[in-house]
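Trainee: My structure file run-v3.tsv, TSV, C-alpha atoms and all ligand atoms, is below:
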```
chain	number	residue	atom	x	y	z
U	1	MET	CA	-1.31	62.07	15.04
U	2	LYS	CA	2.42	62.70	14.85
U	3	ASP	CA	4.24	65.96	14.48
U	4	PRO	CA	5.98	65.55	11.09
U	5	ILE	CA	8.78	67.87	12.14
U	6	CYS	CA	10.04	66.35	15.37
U	7	GLY	CA	8.11	63.06	15.46
U	8	MET	CA	6.37	63.81	18.76
U	9	GLU	CA	2.95	62.26	19.36
U	10	VAL	CA	0.41	65.10	19.50
U	11	GLY	CA	-2.84	63.18	20.08
U	12	GLU	CA	-6.09	63.07	18.12
U	13	LYS	CA	-6.89	66.77	18.11
U	14	PRO	CA	-3.78	68.90	18.35
U	15	LYS	CA	-4.32	72.62	18.80
U	16	LEU	CA	-1.80	73.44	16.11
U	17	ARG	CA	-2.73	72.05	12.74
U	18	SER	CA	-2.05	72.61	9.07
U	19	GLY	CA	-3.74	71.13	6.06
U	20	TYR	CA	-1.65	70.23	3.05
U	21	LYS	CA	-2.74	68.41	-0.11
U	22	GLY	CA	-5.88	67.12	1.58
U	23	LYS	CA	-4.10	65.77	4.64
U	24	GLU	CA	-3.99	67.26	8.08
U	25	TYR	CA	-0.85	67.55	10.16
U	26	GLY	CA	-0.55	68.37	13.83
U	27	PHE	CA	2.26	70.11	15.65
U	28	CYS	CA	3.60	70.24	19.21
U	29	SER	CA	4.69	73.88	19.04
U	30	PRO	CA	4.34	77.03	16.94
U	31	SER	CA	7.93	76.66	15.77
U	32	CYS	CA	7.27	73.17	14.37
U	33	LYS	CA	4.17	74.48	12.61
U	34	GLN	CA	6.16	77.37	11.21
U	35	SER	CA	8.82	75.03	9.80
U	36	PHE	CA	6.13	72.95	8.14
U	37	ASP	CA	4.27	75.94	6.71
U	38	LYS	CA	7.50	77.28	5.22
U	39	SER	CA	8.28	74.14	3.24
U	40	PRO	CA	5.49	71.54	3.54
U	41	ASP	CA	6.90	69.52	0.64
U	42	ARG	CA	9.90	68.65	2.76
U	43	TYR	CA	7.85	67.14	5.57
U	44	ALA	CA	4.53	66.01	4.10
U	45	LYS	CA	4.15	62.35	3.22
N	101	ZN	ZN	7.24	69.30	17.14
```
Could the structure of this file be written out as C-alpha cells, please?
Mentor:
Amino acid sequence: MKDPICGMEVGEKPKLRSGYKGKEYGFCSPSCKQSFDKSPDRYAK
C-alpha cells in the first residue's frame, strides 16, 4: 500500500488508514492522514 500523499510505501497493514469511496488508503504519518481526510477527492484515485 502506498501513502497517496507523499508516495511512501507503508506496507500491507499500515496503522494509519482511511476509507474513501470503498477503497482503503494507508498513511505514513498523522499529518499525511490529516491532509487526506481534509480533501480526499484531491488524493484518492
Ligand atoms: Zn506520508
Trainee: Dump the neighbourhood of ligand ZN 101 (chain N) as a list in words: all residues within 12 Å, distances computed on all atoms listed in the file.
Mentor: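 Those residues are Met1, Lys2, Asp3, Pro4, Ile5, Cys6, Gly7, Met8, Glu9, Val10, Pro14, Leu16, Arg17, Tyr25, Gly26, Phe27, Cys28, Ser29, Pro30, Ser31, Cys32, Lys33, Gln34, Ser35, Phe36 and Tyr43 of chain U.
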Trainee: Do you know which residues are at most 8 Å from U:Tyr20 counting all atoms listed in the file, after dropping those on the same chain fewer than 3 positions away, and could you put them as a CSV table (one decimal) with C-alpha atoms, keeping the file's coordinate frame?
Mentor:
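The result, written out as around-v9.csv:
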```
chain,number,residue,atom,x,y,z
U,23,LYS,CA,-4.1,65.8,4.6
U,24,GLU,CA,-4.0,67.3,8.1
U,25,TYR,CA,-0.8,67.6,10.2
U,40,PRO,CA,5.5,71.5,3.5
U,44,ALA,CA,4.5,66.0,4.1
```
Trainee: Grab all the atoms of stretch 4-11 of chain U that the file lists, wrap them in a box along x, y and z, add 3 Å per side, and give me centre plus edge lengths in Å (one decimal) as JSON.
Mentor:
```
{"center_x": 3.6, "center_y": 65.1, "center_z": 15.6, "size_x": 18.9, "size_y": 11.6, "size_z": 15.0}
```
